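Novice: Okay, so here is target.cif, and as you'll see once you scroll down, it has mmCIF, C-alpha atoms and all ligand atoms.
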```
data_upload
#
loop_
_atom_site.label_atom_id
_atom_site.label_comp_id
_atom_site.auth_asym_id
_atom_site.auth_seq_id
_atom_site.Cartn_x
_atom_site.Cartn_y
_atom_site.Cartn_z
CA MET A 1 6.62 7.71 -9.48
CA THR A 2 7.22 4.63 -7.38
CA ALA A 3 9.55 1.95 -8.66
CA LEU A 4 7.21 -0.76 -9.86
CA THR A 5 7.72 -1.33 -13.55
CA LEU A 6 5.92 -3.28 -16.21
CA ALA A 7 9.04 -5.47 -16.33
CA ASP A 8 8.46 -6.47 -12.66
CA ILE A 9 4.88 -7.45 -13.48
CA LEU A 10 5.94 -9.41 -16.60
CA THR A 11 8.54 -11.25 -14.50
CA ALA A 12 5.88 -12.01 -11.89
CA ARG A 13 3.71 -13.44 -14.61
CA ARG A 14 6.43 -15.95 -15.56
CA THR A 15 7.04 -16.85 -11.91
CA ILE A 16 3.40 -17.60 -11.09
CA ALA A 17 2.44 -19.32 -14.37
CA GLY A 18 1.53 -22.94 -13.75
CA THR A 19 0.59 -22.33 -10.10
CA VAL A 20 -1.89 -19.51 -10.63
CA THR A 21 -4.83 -19.60 -13.06
CA TYR A 22 -5.17 -17.25 -16.05
CA THR A 23 -8.76 -16.31 -15.21
CA PRO A 24 -11.75 -15.76 -17.53
CA LEU A 25 -13.15 -12.29 -18.29
CA ILE A 26 -16.89 -12.76 -18.85
CA PRO A 27 -19.61 -10.29 -19.86
CA SER A 28 -22.45 -9.32 -17.51
CA LEU A 29 -25.39 -8.48 -19.74
CA PHE A 30 -27.42 -7.17 -16.81
CA LEU A 31 -24.71 -4.76 -15.63
CA ALA A 32 -24.05 -3.71 -19.24
CA ASP A 33 -27.72 -2.71 -19.49
CA THR A 34 -27.39 -0.87 -16.18
CA VAL A 35 -24.44 1.31 -17.22
CA GLY A 36 -24.95 1.44 -21.01
CA SER A 37 -21.48 0.02 -21.85
CA ASP A 38 -20.02 -3.46 -22.01
CA PHE A 39 -19.41 -4.66 -18.44
CA LEU A 40 -16.84 -7.43 -17.90
CA LEU A 41 -16.17 -9.54 -14.82
CA LYS A 42 -12.63 -10.85 -14.19
CA LEU A 43 -13.26 -14.08 -12.33
CA GLU A 44 -10.56 -14.41 -9.68
CA THR A 45 -13.07 -16.66 -7.94
CA THR A 46 -11.68 -19.40 -10.22
CA GLN A 47 -8.23 -19.34 -8.58
CA PRO A 48 -7.37 -22.54 -6.67
CA VAL A 49 -7.84 -20.72 -3.33
CA GLY A 50 -10.90 -18.81 -4.56
CA ALA A 51 -9.26 -15.36 -4.55
CA PHE A 52 -6.73 -13.27 -6.50
CA LYS A 53 -4.38 -12.99 -3.50
CA LEU A 54 -2.76 -16.24 -4.66
CA ARG A 55 -0.98 -14.23 -7.38
CA GLY A 56 0.93 -11.93 -5.05
CA ALA A 57 1.51 -14.61 -2.42
CA VAL A 58 3.00 -17.07 -4.91
CA ASN A 59 5.21 -14.40 -6.46
CA ALA A 60 6.48 -13.33 -3.01
CA VAL A 61 7.03 -16.83 -1.61
CA PHE A 62 8.70 -18.14 -4.79
CA ASN A 63 11.14 -15.19 -4.70
CA LEU A 64 12.32 -15.85 -1.12
CA PRO A 65 15.98 -16.85 -0.82
CA ALA A 66 16.88 -20.53 -0.54
CA GLY A 67 17.05 -21.60 3.10
CA THR A 68 14.02 -19.52 4.19
CA ARG A 69 12.63 -21.36 7.24
CA GLY A 70 9.05 -20.31 6.98
CA VAL A 71 6.67 -17.43 6.37
CA THR A 72 4.12 -15.52 8.39
CA CYS A 73 1.58 -12.82 7.60
CA CYS A 74 -1.41 -10.97 8.92
CA SER A 75 -4.51 -11.40 6.83
CA THR A 76 -8.25 -10.76 6.54
CA GLY A 77 -8.32 -14.34 5.24
CA ASN A 78 -7.54 -14.50 1.56
CA HIS A 79 -3.89 -13.44 1.73
CA GLY A 80 -3.37 -16.05 4.43
CA ARG A 81 -4.90 -18.67 2.20
CA GLY A 82 -2.67 -17.63 -0.69
CA VAL A 83 0.45 -17.66 1.49
CA ALA A 84 -0.51 -21.06 2.94
CA PHE A 85 -0.95 -22.46 -0.58
CA ALA A 86 2.35 -20.97 -1.81
CA ALA A 87 4.27 -22.15 1.28
CA ARG A 88 2.94 -25.66 0.83
CA ALA A 89 3.98 -25.58 -2.85
CA ARG A 90 7.50 -24.57 -1.75
CA GLY A 91 7.58 -26.98 1.16
CA ILE A 92 8.07 -24.41 3.95
CA ARG A 93 6.18 -23.61 7.17
CA ALA A 94 3.43 -20.94 7.24
CA VAL A 95 1.90 -19.23 10.29
CA ILE A 96 -1.12 -17.03 9.49
CA CYS A 97 -2.20 -14.35 12.00
CA MET A 98 -5.77 -13.10 11.87
CA SER A 99 -8.16 -11.09 14.02
CA SER A 100 -11.42 -12.45 15.40
CA LEU A 101 -13.29 -10.44 12.71
CA VAL A 102 -12.23 -12.99 10.07
CA PRO A 103 -15.08 -15.37 9.08
CA GLN A 104 -14.66 -19.01 10.13
CA THR A 105 -14.81 -20.23 6.53
CA LYS A 106 -11.53 -18.43 5.82
CA VAL A 107 -9.87 -19.82 8.96
CA ASP A 108 -10.94 -23.35 7.96
CA GLY A 109 -9.65 -22.89 4.41
CA ILE A 110 -6.21 -21.89 5.69
CA ARG A 111 -5.97 -24.81 8.14
CA ALA A 112 -6.96 -27.20 5.36
CA LEU A 113 -3.83 -26.12 3.47
CA GLY A 114 -1.65 -27.22 6.37
CA ALA A 115 -0.78 -23.77 7.75
CA GLU A 116 -0.78 -22.84 11.45
CA VAL A 117 -3.40 -20.25 12.43
CA ARG A 118 -3.16 -17.67 15.25
CA ILE A 119 -6.29 -15.68 16.10
CA VAL A 120 -5.25 -12.52 17.93
CA GLY A 121 -7.20 -9.42 18.95
CA ARG A 122 -9.96 -7.62 17.10
CA SER A 123 -8.12 -5.79 14.35
CA GLN A 124 -5.62 -6.22 11.55
CA ASP A 125 -3.16 -4.19 13.61
CA ASP A 126 -3.27 -6.81 16.39
CA ALA A 127 -2.71 -9.58 13.83
CA LEU A 128 0.17 -7.65 12.28
CA ALA A 129 1.87 -7.18 15.67
CA GLU A 130 1.72 -10.94 16.30
CA SER A 131 3.11 -11.68 12.84
CA GLN A 132 6.02 -9.28 13.46
CA ARG A 133 6.69 -10.88 16.86
CA LEU A 134 6.89 -14.31 15.18
CA CYS A 135 9.54 -13.07 12.75
CA GLU A 136 11.80 -12.26 15.71
CA ALA A 137 10.86 -15.20 17.90
CA GLU A 138 10.78 -18.01 15.35
CA GLY A 139 12.88 -16.79 12.45
CA LEU A 140 9.98 -16.48 10.02
CA THR A 141 9.78 -14.07 7.09
CA GLU A 142 6.79 -11.74 7.00
CA ILE A 143 4.85 -11.25 3.78
CA SER A 144 2.69 -8.12 3.78
CA PRO A 145 -0.77 -8.54 2.25
CA PHE A 146 -0.39 -5.37 0.18
CA ASP A 147 2.84 -3.45 0.87
CA ASP A 148 5.42 -5.74 -0.70
CA PRO A 149 6.89 -5.27 -4.20
CA TYR A 150 6.49 -8.95 -5.16
CA VAL A 151 2.92 -9.07 -3.87
CA ILE A 152 1.99 -5.93 -5.79
CA ALA A 153 3.68 -7.17 -8.99
CA GLY A 154 1.76 -10.46 -8.65
CA GLN A 155 -1.57 -8.67 -8.30
CA GLY A 156 -0.61 -6.49 -11.28
CA THR A 157 -0.70 -9.54 -13.56
CA ILE A 158 -4.50 -9.19 -13.47
CA GLY A 159 -4.09 -5.89 -15.32
CA LEU A 160 -1.98 -7.57 -18.03
CA GLU A 161 -4.58 -10.28 -18.53
CA ILE A 162 -7.54 -7.88 -18.70
CA LEU A 163 -5.82 -5.81 -21.39
CA GLU A 164 -4.90 -8.91 -23.37
CA GLN A 165 -8.47 -10.19 -23.17
CA ARG A 166 -10.10 -6.82 -23.96
CA PRO A 167 -7.60 -4.25 -25.27
CA ASP A 168 -10.51 -1.80 -25.64
CA ILE A 169 -11.28 -1.60 -21.91
CA ALA A 170 -11.73 2.06 -20.92
CA THR A 171 -12.36 1.74 -17.16
CA ILE A 172 -11.23 -0.78 -14.56
CA LEU A 173 -13.08 -0.86 -11.22
CA VAL A 174 -10.83 -2.28 -8.51
CA PRO A 175 -11.98 -3.34 -5.02
CA LEU A 176 -9.68 -1.34 -2.72
CA SER A 177 -8.33 -2.04 0.74
CA GLY A 178 -4.57 -1.91 1.36
CA GLY A 179 -4.07 -1.02 -2.30
CA GLY A 180 -1.78 -3.83 -3.46
CA LEU A 181 -4.34 -4.88 -6.04
CA ALA A 182 -5.20 -1.36 -7.22
CA GLY A 183 -1.52 -0.32 -7.21
CA GLY A 184 -0.43 -3.32 -9.27
CA VAL A 185 -3.36 -3.28 -11.69
CA GLY A 186 -3.07 0.51 -12.02
CA ALA A 187 0.65 0.33 -12.80
CA ALA A 188 0.16 -2.41 -15.40
CA ALA A 189 -2.86 -0.89 -17.09
CA LYS A 190 -1.63 2.71 -17.17
CA THR A 191 1.78 1.73 -18.49
CA ILE A 192 0.20 -0.16 -21.37
CA ASN A 193 -2.53 2.42 -22.01
CA PRO A 194 -2.26 5.71 -20.09
CA SER A 195 -5.79 6.75 -21.03
CA ILE A 196 -7.44 3.91 -19.08
CA ARG A 197 -9.36 5.06 -16.01
CA VAL A 198 -8.60 3.04 -12.89
CA VAL A 199 -11.10 3.54 -10.08
CA GLY A 200 -10.82 2.11 -6.57
CA ILE A 201 -14.00 1.07 -4.74
CA SER A 202 -14.27 0.64 -0.97
CA MET A 203 -17.04 0.36 1.60
CA ASP A 204 -18.04 3.69 3.11
CA ARG A 205 -17.05 2.84 6.70
CA GLY A 206 -13.42 2.13 7.55
CA ALA A 207 -12.00 2.88 4.07
CA ALA A 208 -8.37 3.42 5.04
CA MET A 209 -6.89 4.14 1.59
CA HIS A 210 -9.65 6.60 0.74
CA ALA A 211 -9.06 8.49 3.99
CA SER A 212 -5.29 8.38 3.47
CA LEU A 213 -5.44 9.68 -0.10
CA ALA A 214 -7.69 12.51 1.09
CA ALA A 215 -5.26 13.35 3.92
CA GLY A 216 -2.22 13.13 1.62
CA LYS A 217 -0.56 10.59 3.94
CA PRO A 218 -1.38 7.24 5.56
CA VAL A 219 -3.93 7.69 8.36
CA GLU A 220 -5.67 5.26 10.70
CA VAL A 221 -9.37 4.50 10.53
CA GLU A 222 -11.58 2.55 12.88
CA GLU A 223 -12.04 -1.05 11.73
CA VAL A 224 -15.70 -2.08 11.62
CA ALA A 225 -17.59 -5.16 10.47
CA SER A 226 -18.72 -5.11 6.83
CA LEU A 227 -20.19 -7.41 4.21
CA ALA A 228 -16.91 -6.60 2.44
CA ASP A 229 -14.82 -8.12 5.26
CA SER A 230 -11.84 -8.59 2.92
CA LEU A 231 -11.64 -4.79 2.53
CA GLY A 232 -11.14 -4.13 6.27
CA GLY A 233 -7.95 -3.00 7.97
CA GLY A 234 -5.54 -0.10 7.70
CA ILE A 235 -2.79 0.61 5.16
CA GLY A 236 -0.01 0.94 7.78
CA LEU A 237 1.23 4.33 9.00
CA ASP A 238 4.68 3.38 7.66
CA ASN A 239 3.30 2.38 4.26
CA LYS A 240 6.14 2.11 1.75
CA LEU A 241 4.64 1.30 -1.65
CA SER A 242 0.91 0.82 -2.02
CA PHE A 243 -0.09 4.33 -0.88
CA GLN A 244 2.16 6.01 -3.45
CA LEU A 245 1.08 3.63 -6.20
CA CYS A 246 -2.59 4.34 -5.49
CA ARG A 247 -1.90 8.07 -5.39
CA ASP A 248 -0.11 7.82 -8.76
CA HIS A 249 -2.48 5.46 -10.58
CA LEU A 250 -6.02 5.81 -9.21
CA ASP A 251 -8.19 8.35 -11.00
CA ASP A 252 -10.87 8.21 -8.33
CA VAL A 253 -12.09 6.29 -5.28
CA ILE A 254 -15.81 5.58 -4.87
CA LEU A 255 -17.44 4.46 -1.61
CA VAL A 256 -20.46 2.13 -1.39
CA THR A 257 -22.83 1.37 1.49
CA GLU A 258 -23.59 -2.01 3.05
CA GLU A 259 -27.05 -1.97 1.44
CA GLU A 260 -25.48 -1.34 -1.97
CA ILE A 261 -23.07 -4.25 -1.47
CA TYR A 262 -25.95 -6.48 -0.38
CA ARG A 263 -27.92 -5.68 -3.53
CA ALA A 264 -24.85 -6.19 -5.74
CA MET A 265 -24.24 -9.64 -4.25
CA GLN A 266 -27.83 -10.51 -5.13
CA VAL A 267 -27.35 -9.22 -8.69
CA HIS A 268 -24.18 -11.29 -9.16
CA TYR A 269 -26.09 -14.32 -7.89
CA TYR A 270 -29.42 -13.93 -9.69
CA GLU A 271 -28.24 -12.26 -12.91
CA ASP A 272 -24.64 -13.43 -13.37
CA ARG A 273 -25.12 -16.75 -11.53
CA LEU A 274 -21.99 -16.02 -9.55
CA VAL A 275 -21.15 -16.72 -5.90
CA CYS A 276 -18.79 -14.03 -4.60
CA GLU A 277 -17.85 -12.23 -1.41
CA GLY A 278 -18.98 -8.72 -0.54
CA ALA A 279 -15.53 -7.29 -1.33
CA SER A 280 -15.91 -8.58 -4.90
CA ALA A 281 -19.30 -6.99 -5.42
CA VAL A 282 -18.29 -3.37 -4.81
CA GLY A 283 -17.74 -2.66 -8.53
CA ALA A 284 -21.26 -3.78 -9.33
CA ALA A 285 -22.51 -1.93 -6.23
CA ALA A 286 -21.10 1.36 -7.55
CA ALA A 287 -22.61 0.69 -10.99
CA LEU A 288 -26.06 -0.22 -9.62
CA ALA A 289 -26.08 2.82 -7.32
CA GLY A 290 -25.40 5.13 -10.28
CA LYS A 291 -22.09 6.19 -8.76
CA LEU A 292 -20.03 5.75 -11.95
CA ASP A 293 -20.08 8.82 -14.10
CA GLY A 294 -18.28 9.68 -17.29
CA LEU A 295 -18.09 6.10 -18.57
CA ASP A 296 -16.96 6.16 -22.19
CA GLY A 297 -16.34 2.57 -23.18
CA PRO A 298 -16.12 -0.98 -21.85
CA VAL A 299 -15.85 -1.39 -18.08
CA ALA A 300 -14.19 -4.28 -16.26
CA THR A 301 -14.37 -5.09 -12.57
CA ILE A 302 -12.41 -7.70 -10.67
CA ILE A 303 -14.47 -10.37 -8.91
CA THR A 304 -11.74 -10.74 -6.33
CA GLY A 305 -12.89 -13.75 -4.30
CA ARG A 306 -15.57 -16.25 -3.42
CA ASN A 307 -14.62 -17.08 0.18
CA VAL A 308 -17.85 -15.93 1.74
CA ASP A 309 -19.48 -17.28 4.89
CA MET A 310 -22.27 -19.43 3.39
CA ARG A 311 -24.74 -18.75 6.21
CA ALA A 312 -24.55 -15.00 5.69
CA TYR A 313 -24.49 -15.56 1.95
CA THR A 314 -27.67 -17.62 1.80
CA SER A 315 -29.37 -14.99 3.98
CA ILE A 316 -28.50 -12.40 1.34
CA VAL A 317 -29.70 -14.60 -1.51
CA ASN A 318 -32.96 -15.10 0.41
CA GLY A 319 -33.38 -11.40 1.20
CA ALA A 320 -32.99 -11.86 4.97
CA ASP A 321 -31.25 -9.51 7.43
CA VAL A 322 -27.54 -10.13 8.06
CA THR A 323 -25.93 -9.37 11.41
CA LEU A 324 -22.15 -8.89 11.43
CA GLY A 325 -20.67 -8.01 14.80
CA ALA A 326 -22.25 -4.71 15.83
CA ILE A 327 -24.11 -4.03 12.58
CA THR A 328 -27.23 -5.43 10.94
CA VAL A 329 -27.79 -4.99 7.23
CA THR A 330 -31.52 -4.95 6.53
CA GLY A 331 -32.54 -7.49 3.93
CA THR A 332 -34.68 -7.03 0.83
CA ALA A 333 -35.96 -9.81 -1.42
CA TYR A 334 -34.37 -9.65 -4.87
CA GLY A 335 -36.40 -8.25 -7.70
CA ARG A 336 -35.49 -6.16 -10.72
C1 LIG B 1 -7.46 -8.35 -0.25
C2 LIG B 1 -8.72 -8.30 -1.00
C3 LIG B 1 -9.11 -7.14 -1.70
C4 LIG B 1 -8.34 -5.83 -1.63
O1 LIG B 1 -6.99 -5.92 -2.03
P1 LIG B 1 -5.92 -4.85 -1.53
O2 LIG B 1 -4.67 -5.18 -2.24
O3 LIG B 1 -5.79 -5.01 -0.04
O4 LIG B 1 -6.44 -3.49 -1.84
C5 LIG B 1 -10.30 -7.20 -2.42
N1 LIG B 1 -11.06 -8.30 -2.47
C6 LIG B 1 -10.70 -9.43 -1.83
C7 LIG B 1 -11.60 -10.62 -1.94
C8 LIG B 1 -9.53 -9.48 -1.07
O5 LIG B 1 -9.20 -10.61 -0.44
#
```
Could you quickly redo this structure as structure tokens?
Ligand SMILES: *Cc1c(COP(=O)(O)O)cnc(C)c1O
Specialist:
Amino acid sequence: MTALTLADILTARRTIAGTVTYTPLIPSLFLADTVGSDFLLKLETTQPVGAFKLRGAVNAVFNLPAGTRGVTCCSTGNHGRGVAFAARARGIRAVICMSSLVPQTKVDGIRALGAEVRIVGRSQDDALAESQRLCEAEGLTEISPFDDPYVIAGQGTIGLEILEQRPDIATILVPLSGGGLAGGVGAAAKTINPSIRVVGISMDRGAAMHASLAAGKPVEVEEVASLADSLGGGIGLDNKLSFQLCRDHLDDVILVTEEEIYRAMQVHYYEDRLVCEGASAVGAAAALAGKLDGLDGPVATIITGRNVDMRAYTSIVNGADVTLGAITVTGTAYGR
């Protein structure tokens, strides 16, 4: 068992309180009808930066030693925004490194918080290399988006809140990329109630944690464009924490297609009246595609963020095709 304890997550909760929002957990009547159990949505879209990554970023930045000159990170967008927000709150410099796959809306959001932005290469690995170079060259401290104990403990506070809000939750569906979120939420939830099922959900192409869990060790996958852009990127071949935590705490990992994510974003919009990114809709996508079996009680999923490119988003709402880099997702008008 990896050393991330409930005490770490409770401490994180005290550190981030006042900066990070305690988010609502609301019912989706439509998704409840779909799966035949209560279906709850944890609205991380209501965080000040529109995504849960603020939790881990604030916990990590607020725990840095006095005298830290500045921070840097690689990011698919939301971690960078969280780090930029946290660095501004602490009054230190932030340099966010991202690949050209990151949507412009996320780049703009980070600049608006006063952080410096470096766009490098076409993958998370390229962005990570630049971030590591900056640590050496400019004396900055790197904050991993998912493989850092403070980041993971911060994300784990979502698990505490869900179980306070609905102690009867039987299954938590967690959007899964680098595994900081799933590792933290899994550790919190399973420590409080070991019988809870924690299920990771990723897109079916470029799902690095899924491939790594199957291989029994961190492996590389090809990074491709997806409606769930926040779920792209590898887990790091030298992964220290999040791989083990996911191996210890995830009961299953389910993969969903681009078409299933598209439909789920429409359902969140038309039925739940919720604007969210593709990465946030994977829990609903798995439910709508009939990929959740053995449900035996209330289900919660985490609506992880709302930082979606509005042009692509309105295309989805309108049932139009969406082209992302080399792929086109064929549109369908929404109807029940
Ligand atoms: C980062 C992110 C995730 C995945 O979190 P990991 O800790 O990398 O697994 C899911 N949804 C959104 C919106 C994200 O920004």
Novice: Which residue, A:Ala188, A:Leu113, A:Ala228, A:Ile26, has the smallest gap to Ala312 of chain A when you use all atoms listed in the file?
Specialist: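 Ranking A:Ala188, A:Leu113, A:Ala228, A:Ile26 by distance to Ala312 of chain A, first place goes to A:Ala228.
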Novice: Write out as a Markdown table the residues of chain A that have any atom within 7 Å of an atom of ligand LIG 1 (chain B), one row each with the nearest atom pair and its distance in Å to one decimal, counting only C-alpha atoms and all ligand atoms, sorted by chain and then rising number.
Specialist:
```
| residue | atom | partner | partner_atom | distance |
| --- | --- | --- | --- | --- |
| A:Ala51 | CA | B:LIG1 | C7 | 5.9 |
| A:Lys53 | CA | B:LIG1 | O5 | 6.2 |
| A:Gly77 | CA | B:LIG1 | O5 | 6.9 |
| A:Asn78 | CA | B:LIG1 | O5 | 4.7 |
| A:His79 | CA | B:LIG1 | O5 | 6.4 |
| A:Pro145 | CA | B:LIG1 | O3 | 6.6 |
| A:Phe146 | CA | B:LIG1 | O2 | 4.9 |
| A:Pro175 | CA | B:LIG1 | C5 | 4.9 |
| A:Leu176 | CA | B:LIG1 | O4 | 4.0 |
| A:Ser177 | CA | B:LIG1 | O4 | 3.5 |
| A:Gly178 | CA | B:LIG1 | O3 | 3.6 |
| A:Gly179 | CA | B:LIG1 | O4 | 3.5 |
| A:Gly180 | CA | B:LIG1 | O2 | 3.4 |
| A:Leu181 | CA | B:LIG1 | O2 | 3.8 |
| A:Ala182 | CA | B:LIG1 | O4 | 5.9 |
| A:Ser230 | CA | B:LIG1 | C8 | 4.7 |
| A:Leu231 | CA | B:LIG1 | C4 | 5.4 |
| A:Glu277 | CA | B:LIG1 | C7 | 6.5 |
| A:Ala279 | CA | B:LIG1 | N1 | 4.7 |
| A:Ser280 | CA | B:LIG1 | N1 | 5.4 |
| A:Thr304 | CA | B:LIG1 | C7 | 4.4 |
| A:Gly305 | CA | B:LIG1 | C7 | 4.1 |
```
Novice: Segment 171-278 of chain A near segment 29-48 of chain A within 12 Å: what's each residue's closest atom pair and its distance in Å to one decimal, counting all atoms listed in the file, ordered by chain then ascending residue number, as a tab-separated table?
Specialist:
```
residue	atom	partner	partner_atom	distance
A:Thr171	CA	A:Phe39	CA	9.6
A:Ile172	CA	A:Leu40	CA	9.3
A:Leu173	CA	A:Leu41	CA	9.9
A:Val174	CA	A:Lys42	CA	10.4
A:Pro175	CA	A:Lys42	CA	11.9
A:Leu181	CA	A:Glu44	CA	11.9
A:Ala264	CA	A:Leu31	CA	10.0
A:Val267	CA	A:Phe30	CA	8.4
A:His268	CA	A:Leu31	CA	9.2
A:Tyr269	CA	A:Phe30	CA	11.5
A:Tyr270	CA	A:Phe30	CA	10.0
A:Glu271	CA	A:Phe30	CA	6.5
A:Asp272	CA	A:Phe30	CA	7.7
A:Arg273	CA	A:Phe30	CA	11.2
A:Leu274	CA	A:Thr45	CA	9.1
A:Val275	CA	A:Thr45	CA	8.3
A:Cys276	CA	A:Thr45	CA	7.1
A:Glu277	CA	A:Thr45	CA	9.2
```
Novice: I'd like the neighbourhood of Ala112 of chain A as a PyMOL selection string, where a residue qualifies if any of its atoms comes within 10 Å (using only C-alpha atoms), though same-chain residues fewer than 5 positions away should be ignored.
Specialist: chain A and resi 81+84-85+106-107
Novice: For Ile110 of chain A, which residue among A:Ala170, A:Leu160, A:Val49, A:Leu128 is the nearest when counting all atoms listed in the file?
Specialist: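 Result for the nearest residue to Ile110 of chain A: A:Val49.
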Novice: For segment 241-252 of chain A, what centre and edge lengths in Å (one decimal) does the axis-aligned box get once 3 Å is added on each side of all its listed atoms, as lines of an AutoDock Vina configuration file?
Specialist:
```
center_x = -3.1
center_y = 4.6
center_z = -5.9
size_x = 21.5
size_y = 13.5
size_z = 16.1
```
Novice: Taking (-16.9, 1.5, -2.5) as a centre in this file's frame and 6 Å as the limit, can you find every polymer residue with an atom that close, using all atoms listed in the file, and give them as a count of residues only?
Specialist: 7
Novice: Quick one: residues within 9 Å of segment 163-165 of chain A, all atoms listed in the file, excluding same-chain residues fewer than 4 positions away - as a ChimeraX atom specification?
Specialist: /A:24-25,158-159,169,189,192-193
Novice: Leaving out Asn239 of chain A and any residue of its chain fewer than 6 positions from it, which residues lie within 12 Å of it when counting all atoms listed in the file, given as a PyMOL selection string?
Specialist: chain A and resi 144-149+178-180+208-209+212+217-220+245-246
Novice: Quick one: distance from atom CA of His210 of chain A to atom CA of Asp252 of chain A in Å, one decimal?
Specialist: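 Separation between atom CA of His210 of chain A and atom CA of Asp252 of chain A: 9.3 Å.
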Novice: Would you work out the distance separating atom CA of Cys97 of chain A from atom CA of Val58 of chain A, expressed in Å to one decimal?
Specialist: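 Going from atom CA of Cys97 of chain A over to atom CA of Val58 of chain A, I get 17.9 Å.
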Novice: When distances are computed from all atoms listed in the file, which of A:Gly216, A:Arg263, A:Leu101, A:Asp248 shows the smallest separation from Gly121 of chain A?
Specialist: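 Once distances to Gly121 of chain A are computed over all atoms listed in the file, the minimum belongs to A:Leu101.
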Novice: Could you check which of A:Ala285, A:Val308, A:Ile96, A:Ile152 is closest to Leu4 of chain A, using only C-alpha atoms?
Specialist: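 The shortest atom-to-atom distance to Leu4 of chain A comes from A:Ile152.
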Novice: Rounded to one decimal, what separation in Å do you get between atom CA of Ile162 of chain A and atom CA of Thr76 of chain A?
Specialist: 25.4 Å
Novice: Could you give me, as a PyMOL selection string, the residues within 6 Å of Gln155 of chain A, counting all atoms listed in the file and dropping anything in the same chain fewer than 4 positions from it?
Specialist: chain A and resi 55-56+181+184
Novice: Name the closest residue to Ile235 of chain A among the candidates A:Gln124, A:Ala89, A:Val199, A:Gly156; distances are taken between atoms, counting only C-alpha atoms.
Specialist: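 Among the listed residues, the smallest separation from Ile235 of chain A belongs to A:Gln124.
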